[in-house]
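Only one structure is covered here, and it is reproduced in the block below.
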Amino acid sequence: MPLILASTSPIRRSLLAQAGVEVTTIAPVVDEDIIKRSHDGDAPSLALRIAEAKALSLDRPGDLVIGSDSTLSVDGRLFSKPADRADAARHLAHFSGKQMMLPSAVALARDGVIEWSHVDSATLDVRHLSPDFIDTYLDLEWPEIAYCVGVFRMEGRGATLFDAIEGNHFTILGLPLLPLLGALRQRGMMRS
């Protein structure tokens with residue numbers, strides 16, 4: 001049975017490949033902005049809602065489809081991916097000295113039905129960031145971080161933004177991998 005990843009994220013694909021999970025990657029057909037505008041819940045429930053929408057967006061009869069998403073809130077305000085470099089600089093200035101809440105969700109769908117889903121959250125304490133640091137950081141990391149909701153990649157220089165991190169490494173990378181692997185084993189998609 002084919003396993004489909006409804007994502008264009010190279011990180012999510014890489015995490016699955018490194019765990020020995022073979023997937024076909026197909027871009028999901030989801031307008032995240034519409035979901036965000038109509039959502040009245042918290043950041044974890046939004047991440048789950050978008051992950052489920054991504055998994056359900058691909059009409060692949062019989063195939064198991066993985067959808068995943070991450071959201072970010074600081075001071076109760078939800079943030080999206082930066083629109084451009086100037087927006088990224090504004091995000092980083094706002095994050096400076098504050099705590100991020102980063103929920104990541106994953107869902108499995110088959111034949112238009114969500115079979116399983118999971119959401120996990122991490123907290124990241126952003127150190128005080130000077131304007132000079134933000135400029136230099138963006139010089140080195142832009143445009144690779146343009147698709148990152150928190151304006152960082154842990155596989156890049158993102159670790160330099162933080163004083164402390166609490167949560168699962170895979171959750172921070174955008175995919176609650178260990179629960180997903182368990183769900184795939186339960187469905188016979190991996191050896192147990």
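Chain labels run A, B, ... following the order of the structure tokens; each chain numbers its residues from 1, and ligands are numbered from 1 in the order shown.
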
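For Asp42 in chain A, the residues within 9 Å (counting only C-alpha atoms, excluding itself and residues fewer than 6 positions away along the chain) are Ser73, Gly76 and Leu78 of chain A.
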
Where does DSSP see strand (DSSP E) in range 35-159 of chain A, if you list the residues as a PyMOL selection string? chain A and resi 64-70+72-74+77-79+99-110+113-126

I'd like the contact shell of Ala93 in chain A - 9 Å cut-off, only C-alpha atoms, skipping same-chain residues fewer than 6 positions apart - returned as a CSV table (one decimal) with C-alpha atoms, in the first residue's frame.
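Writing the result to part-v5.csv gives the following:
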```csv
chain,number,residue,atom,x,y,z
A,128,HIS,CA,17.4,38.8,23.7
A,129,LEU,CA,18.3,39.5,20.0
A,130,SER,CA,20.0,42.7,19.1
A,131,PRO,CA,19.1,44.4,15.7
A,134,ILE,CA,19.0,39.8,13.6
```

Would you please work out which residue, of A:Leu140, A:Ile11, A:Ile35, A:Met101, is nearest to Ala51 in chain A when using only C-alpha atoms?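 For Ala51 in chain A, the nearest of the candidates is A:Ile35.
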
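Restricting the calculation to only C-alpha atoms, the smallest distance between Asp75 in chain A and any of A:Leu15, A:Met154, A:Ala88, A:Ala43 is found for A:Ala43.
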
Contacts of Leu3 in chain A at 8 Å or less, counting only C-alpha atoms, minus same-chain residues fewer than 3 places along, as number ranges by chain? A: 22-24, 63-66

So that I can see what lies close to Ile34 in chain A, please list as an MDAnalysis selection string the residues with an atom at most 12 Å from it, counting only C-alpha atoms and leaving out residues fewer than 6 positions away in the same chain. chainID A and resid 46 49:50 53

Top pick for closest residue to Glu144 in chain A, considering A:Ser68, A:Gln99, A:Ser9, A:Thr123 and counting only C-alpha atoms: A:Ser9

Residue with smallest distance to Gly182 in chain A - pool A:Ala159, A:His118, A:Arg90, A:Ala47, counting only C-alpha atoms: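 That would be A:His118, the residue with the smallest distance to Gly182 in chain A.
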
Given only C-alpha atoms, how would the per-residue table for range 42-88 of chain A near range 173-177 of chain A read, listing every residue at most 10 Å away with its closest atom pair and distance in Å to one decimal, sorted by chain and number, as JSON lines?
```
{"residue": "A:Gly67", "atom": "CA", "partner": "A:Leu175", "partner_atom": "CA", "distance": 9.4}
{"residue": "A:Ser68", "atom": "CA", "partner": "A:Leu175", "partner_atom": "CA", "distance": 6.4}
{"residue": "A:Asp69", "atom": "CA", "partner": "A:Gly174", "partner_atom": "CA", "distance": 6.5}
{"residue": "A:Ser70", "atom": "CA", "partner": "A:Gly174", "partner_atom": "CA", "distance": 5.6}
{"residue": "A:Thr71", "atom": "CA", "partner": "A:Gly174", "partner_atom": "CA", "distance": 9.0}
```

So what do you get for CA of Ala146 in chain A versus CA of Arg85 in chain A, distance-wise? 7.6 Å

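Of all the residues in range 123-165 of chain A, the ones DSSP labels as alpha helix (DSSP H) from the backbone are A:Pro131, A:Asp132, A:Phe133, A:Ile134, A:Asp135, A:Thr136, A:Tyr137, A:Leu138, A:Asp139, A:Leu140, A:Glu141.
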
Convert the current residue selection to file output with C-alpha atoms, as a CSV table (one decimal), in the first residue's frame.
```csv
chain,number,residue,atom,x,y,z
A,131,PRO,CA,19.1,44.4,15.7
A,132,ASP,CA,22.7,43.7,14.6
A,133,PHE,CA,22.4,40.0,15.4
A,134,ILE,CA,19.0,39.8,13.6
A,135,ASP,CA,20.5,41.4,10.5
A,136,THR,CA,23.5,39.1,10.5
A,137,TYR,CA,21.4,36.1,11.1
A,138,LEU,CA,19.1,36.9,8.2
A,139,ASP,CA,22.2,37.5,6.0
A,140,LEU,CA,23.3,34.0,6.7
A,141,GLU,CA,19.9,32.1,6.8
```

Select, from A:Leu124, A:Ala183, A:Leu108, A:Val29, the residue with the minimum atom-to-atom distance to Gly150 in chain A, counting only C-alpha atoms. A:Leu124
